[in-house]
file coords-v5.csv (CSV, C-alpha atoms and all ligand atoms)
chain,number,residue,atom,x,y,z
K,1,MET,CA,248.2,-25.8,64.5
K,2,ALA,CA,251.6,-27.4,63.6
K,3,SER,CA,252.9,-26.4,60.1
K,4,SER,CA,255.0,-28.5,57.7
K,5,LEU,CA,258.0,-26.3,58.8
K,6,ASP,CA,257.3,-27.4,62.4
K,7,ARG,CA,257.3,-31.0,61.2
K,8,LEU,CA,260.6,-30.6,59.4
K,9,SER,CA,262.2,-28.8,62.3
K,10,TYR,CA,261.0,-31.6,64.7
K,11,ALA,CA,262.3,-34.3,62.4
K,12,ALA,CA,265.7,-32.6,62.0
K,13,ARG,CA,266.0,-32.0,65.8
K,14,GLN,CA,265.3,-35.7,66.6
K,15,THR,CA,267.6,-36.9,63.9
K,16,ALA,CA,270.4,-34.6,65.2
K,17,ARG,CA,269.9,-35.8,68.8
K,18,VAL,CA,270.0,-39.4,67.9
K,19,ALA,CA,273.2,-38.9,65.8
K,20,TRP,CA,274.8,-36.9,68.5
K,21,TYR,CA,274.2,-39.3,71.3
K,22,ALA,CA,274.8,-42.4,69.2
K,23,GLY,CA,278.1,-40.8,68.3
K,24,HIS,CA,278.9,-40.5,72.0
K,25,TYR,CA,278.0,-44.1,72.6
K,26,ALA,CA,280.2,-45.3,69.7
K,27,ALA,CA,283.1,-43.2,70.8
K,28,GLY,CA,282.8,-44.4,74.4
K,29,ARG,CA,282.8,-48.0,73.3
K,30,ARG,CA,286.0,-47.4,71.4
K,31,LEU,CA,287.7,-45.7,74.3
K,32,LEU,CA,286.7,-48.2,77.0
K,33,LYS,CA,287.1,-51.9,77.8
K,34,PRO,CA,284.5,-54.2,76.3
K,35,MET,CA,281.5,-54.6,78.6
K,36,PRO,CA,281.9,-57.4,81.1
K,37,LYS,CA,280.6,-60.7,79.7
K,38,PRO,CA,277.5,-61.9,81.7
K,39,GLY,CA,278.1,-65.2,83.5
K,40,PHE,CA,274.4,-66.1,83.1
K,41,ALA,CA,271.9,-66.9,80.3
K,42,ILE,CA,270.3,-63.9,78.8
K,43,GLY,CA,267.0,-63.6,76.8
K,44,PRO,CA,266.8,-62.5,73.2
K,45,THR,CA,268.0,-59.1,72.1
K,46,PRO,CA,266.9,-56.9,69.2
K,47,SER,CA,269.0,-55.9,66.2
K,48,ARG,CA,270.1,-52.3,65.9
K,49,GLN,CA,267.8,-51.9,62.9
K,50,GLU,CA,264.9,-53.1,64.9
K,51,MET,CA,265.6,-50.7,67.7
K,52,THR,CA,266.1,-47.8,65.3
K,53,ALA,CA,262.8,-48.5,63.6
K,54,ASP,CA,261.0,-48.7,67.0
K,55,MET,CA,262.5,-45.4,68.0
K,56,ARG,CA,261.4,-43.8,64.7
K,57,ALA,CA,257.9,-45.1,65.3
K,58,LEU,CA,257.9,-43.4,68.7
K,59,PHE,CA,258.9,-40.1,67.2
K,60,THR,CA,256.1,-40.5,64.6
K,61,ARG,CA,253.6,-41.2,67.4
K,62,GLU,CA,254.7,-38.1,69.2
K,63,TRP,CA,254.4,-36.0,66.1
K,64,ASN,CA,250.9,-37.4,65.4
K,65,ASP,CA,249.8,-36.2,68.8
K,66,VAL,CA,251.2,-32.8,68.1
K,67,GLU,CA,249.3,-32.7,64.8
K,68,ALA,CA,246.1,-33.9,66.5
K,69,GLY,CA,246.5,-30.7,68.7
K,70,LEU,CA,247.1,-32.6,72.0
K,71,PHE,CA,250.1,-30.4,72.7
K,72,ARG,CA,252.5,-28.0,71.0
K,73,PRO,CA,255.7,-29.3,69.3
K,74,PRO,CA,258.2,-29.8,72.1
K,75,ARG,CA,260.9,-27.2,72.6
K,76,THR,CA,264.6,-28.1,72.8
K,77,LEU,CA,265.4,-27.8,76.4
K,78,GLY,CA,268.8,-27.5,77.9
K,79,PRO,CA,271.9,-25.4,78.4
K,80,GLU,CA,273.3,-22.9,75.9
K,81,PRO,CA,275.5,-24.5,73.2
K,82,ALA,CA,278.8,-23.8,75.0
K,83,GLU,CA,277.6,-25.4,78.2
K,84,PHE,CA,276.0,-28.2,76.3
K,85,LEU,CA,279.5,-29.0,74.7
K,86,ARG,CA,281.2,-28.6,78.1
K,87,ARG,CA,278.9,-31.3,79.4
K,88,SER,CA,279.9,-33.6,76.6
K,89,LEU,CA,283.5,-33.1,77.5
K,90,LEU,CA,282.7,-33.7,81.2
K,91,TYR,CA,280.9,-36.9,80.2
K,92,PHE,CA,283.9,-38.2,78.3
K,93,ARG,CA,286.4,-37.2,81.1
K,94,ASP,CA,284.2,-39.1,83.6
K,95,LEU,CA,283.8,-42.2,81.5
K,96,PRO,CA,287.1,-43.9,82.5
K,97,GLN,CA,286.0,-43.7,86.1
K,98,VAL,CA,282.6,-45.2,85.3
K,99,ASP,CA,284.4,-48.0,83.5
K,100,ALA,CA,286.8,-48.6,86.3
K,101,ARG,CA,283.9,-49.0,88.7
K,102,ARG,CA,282.1,-51.3,86.2
K,103,HIS,CA,285.1,-53.6,85.9
K,104,GLY,CA,286.1,-53.4,89.6
K,105,HIS,CA,282.5,-53.8,90.8
K,106,LEU,CA,282.7,-50.7,93.0
K,107,GLU,CA,279.4,-49.2,93.6
K,108,ASP,CA,279.4,-47.9,97.2
K,109,GLU,CA,281.9,-45.1,97.2
K,110,LEU,CA,280.3,-42.3,99.2
K,111,PRO,CA,281.0,-38.8,98.1
K,112,PRO,CA,283.0,-36.5,100.3
K,113,GLY,CA,281.2,-34.3,102.8
K,114,THR,CA,278.3,-34.9,105.1
K,115,GLN,CA,275.5,-34.4,102.6
K,116,ALA,CA,274.7,-38.1,102.6
K,117,ASP,CA,274.2,-38.4,106.3
K,118,ARG,CA,270.4,-38.0,106.4
K,119,LEU,CA,269.7,-40.1,103.3
K,120,PRO,CA,268.5,-43.7,103.3
K,121,ASP,CA,271.2,-46.3,103.0
K,122,TYR,CA,269.7,-47.8,99.8
K,123,TYR,CA,270.2,-44.3,98.2
K,124,ARG,CA,273.9,-43.9,99.0
K,125,GLN,CA,275.3,-45.9,96.1
K,126,ASN,CA,276.9,-45.2,92.7
K,127,PHE,CA,273.8,-46.0,90.7
K,128,HIS,CA,274.7,-46.6,87.0
K,129,PHE,CA,278.4,-46.6,88.4
K,130,GLN,CA,278.1,-42.8,88.1
K,131,SER,CA,280.5,-40.7,90.0
K,132,ASP,CA,279.1,-39.5,93.3
K,133,GLY,CA,275.8,-41.4,92.8
K,134,TRP,CA,273.0,-38.8,93.1
K,135,LEU,CA,275.0,-36.8,95.5
K,136,SER,CA,276.9,-34.0,93.8
K,137,ALA,CA,276.6,-31.1,91.4
K,138,HIS,CA,279.2,-32.9,89.2
K,139,SER,CA,276.9,-35.9,88.9
K,140,ALA,CA,273.8,-33.7,88.3
K,141,ALA,CA,275.7,-31.9,85.5
K,142,LEU,CA,276.5,-35.3,83.8
K,143,TYR,CA,273.3,-37.1,84.3
K,144,ASP,CA,271.3,-35.9,81.3
K,145,THR,CA,274.1,-36.7,78.9
K,146,GLN,CA,274.6,-40.1,80.4
K,147,VAL,CA,270.9,-41.0,80.1
K,148,GLU,CA,270.6,-39.7,76.6
K,149,VAL,CA,273.7,-41.7,75.5
K,150,LEU,CA,272.2,-44.8,77.1
K,151,PHE,CA,269.0,-44.3,75.1
K,152,THR,CA,270.8,-42.9,72.0
K,153,GLY,CA,268.8,-39.7,72.2
K,154,ALA,CA,265.4,-41.1,73.0
K,155,ALA,CA,265.2,-40.4,76.7
K,156,ASP,CA,263.3,-37.1,76.4
K,157,VAL,CA,260.7,-38.4,74.0
K,158,MET,CA,260.0,-41.4,76.3
K,159,ARG,CA,259.5,-39.0,79.2
K,160,ARG,CA,257.2,-36.8,77.0
K,161,ARG,CA,254.9,-39.7,76.3
K,162,ALA,CA,253.5,-39.0,79.7
K,163,MET,CA,251.9,-36.0,78.1
K,164,LYS,CA,249.5,-38.1,76.0
K,165,PRO,CA,247.4,-39.5,78.8
K,166,ILE,CA,247.7,-36.1,80.6
K,167,ALA,CA,246.4,-34.3,77.5
K,168,ASP,CA,243.5,-36.7,77.2
K,169,TRP,CA,242.7,-36.3,80.9
K,170,LEU,CA,242.9,-32.5,80.7
K,171,VAL,CA,240.0,-32.3,78.2
K,172,GLY,CA,237.2,-30.3,79.9
K,173,ARG,CA,239.4,-29.3,82.9
K,174,ASN,CA,240.8,-25.8,83.7
K,175,GLN,CA,244.6,-26.2,84.1
K,176,ARG,CA,244.8,-23.1,86.3
K,177,THR,CA,242.9,-24.9,89.1
K,178,LEU,CA,245.2,-28.0,89.0
K,179,ARG,CA,248.2,-29.1,91.2
K,180,GLY,CA,250.7,-31.7,90.0
K,181,LEU,CA,253.7,-33.5,91.5
K,182,ASP,CA,256.7,-35.1,89.8
K,183,VAL,CA,258.1,-37.7,92.2
K,184,GLY,CA,261.9,-38.2,91.8
K,185,CYS,CA,262.0,-35.3,89.3
K,186,GLY,CA,265.8,-35.4,89.1
K,187,THR,CA,267.2,-32.8,86.8
K,188,GLY,CA,263.6,-31.7,86.0
K,189,ARG,CA,263.3,-32.6,82.3
K,190,LEU,CA,259.8,-34.1,82.5
K,191,LEU,CA,258.7,-31.3,84.7
K,192,ALA,CA,260.1,-28.7,82.3
K,193,PHE,CA,258.2,-30.3,79.4
K,194,LEU,CA,255.0,-30.4,81.4
K,195,HIS,CA,255.4,-26.8,82.6
K,196,ASP,CA,256.1,-25.7,79.0
K,197,ALA,CA,253.0,-27.5,77.7
K,198,TRP,CA,250.6,-26.5,80.4
K,199,PRO,CA,252.0,-23.4,82.2
K,200,GLY,CA,248.8,-22.8,84.2
K,201,ILE,CA,249.2,-26.0,86.3
K,202,ARG,CA,251.0,-25.6,89.6
K,203,TRP,CA,253.7,-28.2,89.8
K,204,THR,CA,256.0,-29.5,92.5
K,205,GLY,CA,259.1,-31.5,91.7
K,206,LEU,CA,260.3,-33.7,94.6
K,207,ASP,CA,263.6,-35.4,94.9
K,208,LEU,CA,266.1,-36.6,97.6
K,209,SER,CA,269.0,-34.9,95.8
K,210,PRO,CA,269.6,-31.2,96.4
K,211,PRO,CA,272.2,-31.0,93.5
K,212,TYR,CA,269.7,-32.6,91.1
K,213,LEU,CA,267.0,-30.2,92.3
K,214,ALA,CA,269.4,-27.2,91.7
K,215,GLU,CA,270.0,-28.5,88.2
K,216,ALA,CA,266.2,-28.7,87.7
K,217,ARG,CA,265.8,-25.1,88.8
K,218,ARG,CA,268.4,-24.0,86.3
K,219,LEU,CA,266.6,-25.9,83.5
K,220,ILE,CA,263.1,-24.7,84.4
K,221,GLY,CA,264.0,-21.1,85.6
K,222,ARG,CA,262.4,-19.1,88.3
K,223,THR,CA,258.7,-19.4,88.2
K,224,ALA,CA,256.1,-19.6,91.0
K,225,ARG,CA,254.3,-22.3,89.1
K,226,VAL,CA,257.0,-24.9,89.7
K,227,LYS,CA,258.2,-25.5,93.2
K,228,LEU,CA,261.1,-27.9,93.9
K,229,VAL,CA,261.3,-29.6,97.2
K,230,GLU,CA,263.6,-32.1,98.9
K,231,GLY,CA,261.7,-35.2,100.0
K,232,ALA,CA,261.3,-38.9,99.8
K,233,ALA,CA,258.9,-40.8,97.5
K,234,GLU,CA,258.0,-43.2,100.3
K,235,THR,CA,256.8,-40.3,102.7
K,236,LEU,CA,255.4,-37.7,100.4
K,237,PRO,CA,254.9,-34.4,102.2
K,238,PHE,CA,251.4,-33.8,100.9
K,239,GLU,CA,247.9,-34.2,102.4
K,240,GLU,CA,245.7,-37.1,101.4
K,241,ALA,CA,243.7,-36.5,98.2
K,242,SER,CA,245.4,-33.1,97.6
K,243,LEU,CA,246.9,-33.4,94.1
K,244,ASP,CA,245.2,-33.7,90.7
K,245,LEU,CA,248.2,-35.1,88.8
K,246,VAL,CA,251.1,-37.3,90.0
K,247,VAL,CA,253.9,-38.2,87.6
K,248,SER,CA,257.1,-40.1,88.0
K,249,SER,CA,259.8,-41.0,85.4
K,250,PHE,CA,262.5,-43.6,85.8
K,251,LEU,CA,262.3,-43.7,89.6
K,252,LEU,CA,260.6,-47.0,90.6
K,253,HIS,CA,263.4,-49.2,89.3
K,254,GLU,CA,265.9,-47.4,91.5
K,255,LEU,CA,264.0,-48.3,94.7
K,256,PRO,CA,264.2,-51.4,96.8
K,257,PRO,CA,261.0,-53.5,96.6
K,258,ASP,CA,259.5,-52.3,99.8
K,259,VAL,CA,260.2,-48.7,99.1
K,260,ARG,CA,258.8,-49.1,95.6
K,261,ARG,CA,255.6,-50.3,97.0
K,262,SER,CA,255.5,-47.5,99.6
K,263,ALA,CA,256.1,-44.9,96.8
K,264,LEU,CA,253.1,-46.2,94.8
K,265,THR,CA,251.0,-46.3,97.9
K,266,GLU,CA,252.0,-42.7,98.6
K,267,MET,CA,251.1,-41.6,95.1
K,268,ALA,CA,247.7,-43.1,95.5
K,269,ARG,CA,247.2,-41.6,98.9
K,270,VAL,CA,247.9,-38.0,97.8
K,271,LEU,CA,245.8,-38.3,94.6
K,272,LYS,CA,242.4,-36.6,94.5
K,273,PRO,CA,239.4,-38.7,93.5
K,274,GLY,CA,239.3,-38.3,89.7
K,275,GLY,CA,243.0,-37.5,89.6
K,276,LEU,CA,245.6,-39.1,87.4
K,277,VAL,CA,248.9,-40.9,88.1
K,278,VAL,CA,251.3,-41.4,85.2
K,279,ILE,CA,254.4,-43.5,85.5
K,280,VAL,CA,257.2,-43.6,82.9
K,281,GLU,CA,259.5,-46.5,83.5
K,282,SER,CA,261.6,-49.2,81.9
K,283,ILE,CA,259.7,-52.0,80.2
K,284,GLN,CA,259.5,-55.2,82.3
K,285,LYS,CA,259.6,-58.9,81.7
K,286,GLY,CA,256.6,-59.8,79.6
K,287,ASP,CA,256.2,-56.3,78.0
K,288,HIS,CA,258.3,-57.1,74.9
K,289,PRO,CA,259.5,-60.7,75.1
K,290,SER,CA,261.9,-60.5,72.1
K,291,TRP,CA,263.9,-57.7,73.8
K,292,GLU,CA,264.2,-59.3,77.2
K,293,GLY,CA,267.9,-59.9,76.9
K,294,LEU,CA,268.3,-56.1,77.3
K,295,LEU,CA,266.6,-56.3,80.6
K,296,ASP,CA,269.0,-59.0,81.7
K,297,LEU,CA,272.1,-57.1,80.6
K,298,PHE,CA,271.2,-53.6,81.9
K,299,PRO,CA,271.8,-54.2,85.6
K,300,HIS,CA,275.0,-56.1,84.7
K,301,TYR,CA,276.5,-53.2,82.7
K,302,PHE,CA,275.2,-50.4,84.9
K,303,HIS,CA,275.0,-50.7,88.6
K,304,GLU,CA,271.2,-51.1,89.1
K,305,PRO,CA,270.8,-53.0,92.4
K,306,TYR,CA,267.0,-53.2,92.3
K,307,TYR,CA,266.4,-53.5,88.6
K,308,ALA,CA,266.2,-57.3,88.4
K,309,ASP,CA,263.5,-57.3,91.0
K,310,TYR,CA,261.8,-54.3,89.3
K,311,VAL,CA,261.5,-56.0,85.9
K,312,GLY,CA,260.1,-59.2,87.6
K,313,GLY,CA,257.0,-57.6,89.1
K,314,LEU,CA,254.7,-55.6,86.9
K,315,VAL,CA,254.2,-51.9,87.8
K,316,GLU,CA,250.5,-52.5,86.9
K,317,THR,CA,250.2,-55.1,89.6
K,318,LEU,CA,252.0,-53.0,92.2
K,319,ALA,CA,249.8,-50.0,91.3
K,320,SER,CA,246.7,-52.2,91.7
K,321,ASP,CA,247.9,-53.3,95.1
K,322,ALA,CA,248.3,-49.6,95.9
K,323,GLY,CA,244.7,-48.9,95.0
K,324,LEU,CA,245.1,-47.6,91.5
K,325,ARG,CA,243.2,-48.6,88.3
K,326,PRO,CA,244.8,-48.5,84.9
K,327,VAL,CA,243.3,-46.1,82.3
K,328,ALA,CA,246.0,-46.1,79.6
K,329,ALA,CA,249.3,-47.7,78.6
K,330,GLU,CA,251.8,-47.4,75.9
K,331,ARG,CA,255.2,-49.1,75.2
K,332,ALA,CA,257.5,-46.4,74.1
K,333,PHE,CA,260.8,-47.9,72.9
K,334,LEU,CA,262.6,-49.1,76.0
K,335,SER,CA,260.0,-47.6,78.4
K,336,LYS,CA,256.4,-47.9,79.1
K,337,ILE,CA,253.9,-45.3,80.2
K,338,CYS,CA,251.2,-46.4,82.5
K,339,ALA,CA,248.3,-44.1,83.6
K,340,PHE,CA,246.1,-44.8,86.6
K,341,THR,CA,243.3,-43.3,88.5
K,342,ARG,CA,242.0,-44.2,91.9
K,343,ALA,CA,240.4,-47.6,92.0
K,344,ASP,CA,237.9,-46.5,94.6
K,345,VAL,CA,236.3,-43.9,92.3
K,346,ALA,CA,234.0,-45.0,89.5
K,401,LIG,C1,267.0,-42.3,87.4
K,401,LIG,S1,266.7,-40.8,88.1
K,401,LIG,C2,265.2,-40.2,87.3
K,401,LIG,C3,265.2,-38.7,87.3
K,401,LIG,C4,264.1,-38.1,86.4
K,401,LIG,N1,262.8,-38.4,86.9
K,401,LIG,C5,264.3,-38.5,85.0
K,401,LIG,O1,263.3,-38.7,84.3
K,401,LIG,O2,265.5,-38.5,84.6
K,401,LIG,C6,266.1,-41.2,89.7
K,401,LIG,C7,265.9,-39.9,90.6
K,401,LIG,O3,265.2,-40.4,91.7
K,401,LIG,C8,265.7,-39.8,92.9
K,401,LIG,N2,265.4,-40.7,94.0
K,401,LIG,C9,265.9,-41.9,94.2
K,401,LIG,N3,265.3,-42.4,95.3
K,401,LIG,C10,264.4,-41.5,95.7
K,401,LIG,C11,263.4,-41.4,96.8
K,401,LIG,N4,263.3,-42.4,97.6
K,401,LIG,N5,262.7,-40.3,96.9
K,401,LIG,C12,262.8,-39.3,96.1
K,401,LIG,N6,263.7,-39.3,95.1
K,401,LIG,C13,264.4,-40.4,94.9
K,401,LIG,C14,267.2,-39.6,92.6
K,401,LIG,O4,267.8,-38.6,93.4
K,401,LIG,C15,267.2,-39.3,91.1
K,401,LIG,O5,267.1,-37.9,90.9
call {"tool": "encode", "arguments": {"input": "coords-v5.csv", "output": "structure tokens"}}
result
Amino acid sequence: MASSLDRLSYAARQTARVAWYAGHYAAGRRLLKPMPKPGFAIGPTPSRQEMTADMRALFTREWNDVEAGLFRPPRTLGPEPAEFLRRSLLYFRDLPQVDARRHGHLEDELPPGTQADRLPDYYRQNFHFQSDGWLSAHSAALYDTQVEVLFTGAADVMRRRAMKPIADWLVGRNQRTLRGLDVGCGTGRLLAFLHDAWPGIRWTGLDLSPPYLAEARRLIGRTARVKLVEGAAETLPFEEASLDLVVSSFLLHELPPDVRRSALTEMARVLKPGGLVVIVESIQKGDHPSWEGLLDLFPHYFHEPYYADYVGGLVETLASDAGLRPVAAERAFLSKICAFTRADVA
């Protein structure tokens, strides 16, 4: 049962995170050129106050779930303070290169070495204008800071909202008998939170990037309960109907339309009857009309070649085409969490 000290500690940690990453964002804006002006009409955008209030409401919802006993208060995950600070420095050192790519429209520098050779072409790009794309240890060390700066400290709480439908679904089930998969697990943050909350479940994290998987292993630590494998979302290396839980956070918008469809079809294929798929993704057109300008601006400011297509076709529709039926949904700040089960099972 969470105490009032737990509540204070949670509130203090979230406030500190938001201040820390908002500070990075503000410092970055001062150091760099103004964002390139869009040469197209954009939809409405929210005020900073509105966004802050929405983020606060999200923290409150998470805390309410903790108090309701759905899961324990989340731990702070991440490197030791010295390494945490080093990563901030790395982030700032790398920013000018990100900015140069942004203003020079460079997004297809391949990293040195032959690592990229067996990867799909669509994958070999500087997503977010980030150095080395997904393809180096340097990029993997920077990624979490970049994402938290982008979301001013709310990325982890958005990922963790996947835990609400999972906690509801787990009622009456024995976690030690269950197998789960995180598709496109990246540096492993969602996986680490899930493992922390339900250590009995046997998880696999799958990603195309060896350096990101290595980063995930460092975060999660050595445990036989979490395997990390190199693989593609569009050809999951699992038997049909073999997994109880399939989760995925912030992957689908990075995929070309046909690959996105295949990834969802694969998630449905590997899911057991009665199992649960939970997707954490960016909101899309129609999800929050008064914020749609942000969806127009995002791919313009950060190299996101498939995002405009992603926001135009609802995840819910794609999932339905893949044979999945919605069971729960929540908008969580700039993301949405959609939970599905197999449509062929009552
Ligand atoms: C935006 S990151 C999201 C990572 C993580 N899930 C998170 O919440 O931060 C996208 C991740 O998907 C991986 N990825 C991209 N395309 C993939 C594919 N076809 N199959 C598997 N992983 C892929 C990338 O390597 C990267 O780690």
call {"tool": "residues_around", "arguments": {"input": "coords-v5.csv", "residues": "K:Arg325", "least_positions_apart": "4", "cutoff": "10 Å", "atoms": "only C-alpha atoms", "output": "list of chain:residue names"}}
result
K:Leu276, K:Val277, K:Glu316, K:Thr317, K:Ala319, K:Ser320, K:Asp321, K:Ala339, K:Phe340, K:Thr341, K:Arg342, K:Ala343, K:Asp344, K:Val345, K:Ala346
call {"tool": "closest_residue", "arguments": {"input": "coords-v5.csv", "among": "K:Thr187, K:Ser262, K:Gln14, K:Thr235", "to": "K:Ser249", "atoms": "only C-alpha atoms"}}
result
K:Thr187
call {"tool": "residues_near_ligand", "arguments": {"input": "coords-v5.csv", "ligand": "ligand LIG 401 (chain K)", "cutoff": "9 Å", "atoms": "all atoms listed in the file", "output": "PyMOL selection string"}}
result
chain K and resi 119-120+122-123+127-128+133-135+140+143-144+147+155-156+159+182-191+206-213+230-236+247-255+259-260+263+280-281
call {"tool": "closest_atom_pairs", "arguments": {"input": "coords-v5.csv", "of": "stretch 273-330 of chain K", "to": "stretch 161-171 of chain K", "cutoff": "10 Å", "atoms": "all atoms listed in the file", "output": "tab-separated table"}}
result
residue	atom	partner	partner_atom	distance
K:Gly274	CA	K:Trp169	CA	9.6
K:Gly275	CA	K:Trp169	CA	8.8
K:Leu276	CA	K:Trp169	CA	7.6
K:Val277	CA	K:Ile166	CA	9.0
K:Val278	CA	K:Ala162	CA	6.4
K:Ile279	CA	K:Ala162	CA	7.4
K:Val280	CA	K:Ala162	CA	6.7
K:Val327	CA	K:Pro165	CA	8.5
K:Ala328	CA	K:Pro165	CA	6.8
K:Ala329	CA	K:Pro165	CA	8.4
K:Glu330	CA	K:Arg161	CA	8.3
call {"tool": "closest_residue", "arguments": {"input": "coords-v5.csv", "among": "K:Asp287, K:Pro326, K:Asp244, K:Leu294", "to": "K:Leu314", "atoms": "only C-alpha atoms"}}
result
K:Asp287
call {"tool": "closest_atom_pairs", "arguments": {"input": "coords-v5.csv", "of": "stretch 115-151 of chain K", "to": "stretch 27-30 of chain K", "cutoff": "12 Å", "atoms": "all atoms listed in the file", "output": "JSON lines"}}
result
{"residue": "K:Gln146", "atom": "CA", "partner": "K:Gly28", "partner_atom": "CA", "distance": 11.0}
{"residue": "K:Val149", "atom": "CA", "partner": "K:Gly28", "partner_atom": "CA", "distance": 9.6}
{"residue": "K:Leu150", "atom": "CA", "partner": "K:Gly28", "partner_atom": "CA", "distance": 10.9}
call {"tool": "residues_around", "arguments": {"input": "coords-v5.csv", "residues": "K:Ser131", "least_positions_apart": "4", "cutoff": "8 Å", "atoms": "all atoms listed in the file", "output": "JSON, numbers by chain"}}
result
{"K": [94, 97, 98, 126, 138, 139]}
call {"tool": "closest_residue", "arguments": {"input": "coords-v5.csv", "among": "K:Arg225, K:Arg93, K:Arg217, K:Arg160", "to": "K:Ile337", "atoms": "all atoms listed in the file"}}
result
K:Arg160
call {"tool": "closest_residue", "arguments": {"input": "coords-v5.csv", "among": "K:Pro237, K:Gly200, K:Gly104, K:Gly23", "to": "K:Tyr301", "atoms": "all atoms listed in the file"}}
result
K:Gly104
call {"tool": "atom_distance", "arguments": {"input": "coords-v5.csv", "atom1": "atom CA of K:Ser136", "atom2": "atom CA of K:Pro299"}}
result
22.4 Å
call {"tool": "atom_distance", "arguments": {"input": "coords-v5.csv", "atom1": "atom CA of K:Leu219", "atom2": "atom CA of K:Leu178"}}
result
22.2 Å
call {"tool": "closest_residue", "arguments": {"input": "coords-v5.csv", "among": "K:Trp20, K:Phe238, K:Tyr10, K:Phe84", "to": "K:Val66", "atoms": "all atoms listed in the file"}}
result
K:Tyr10
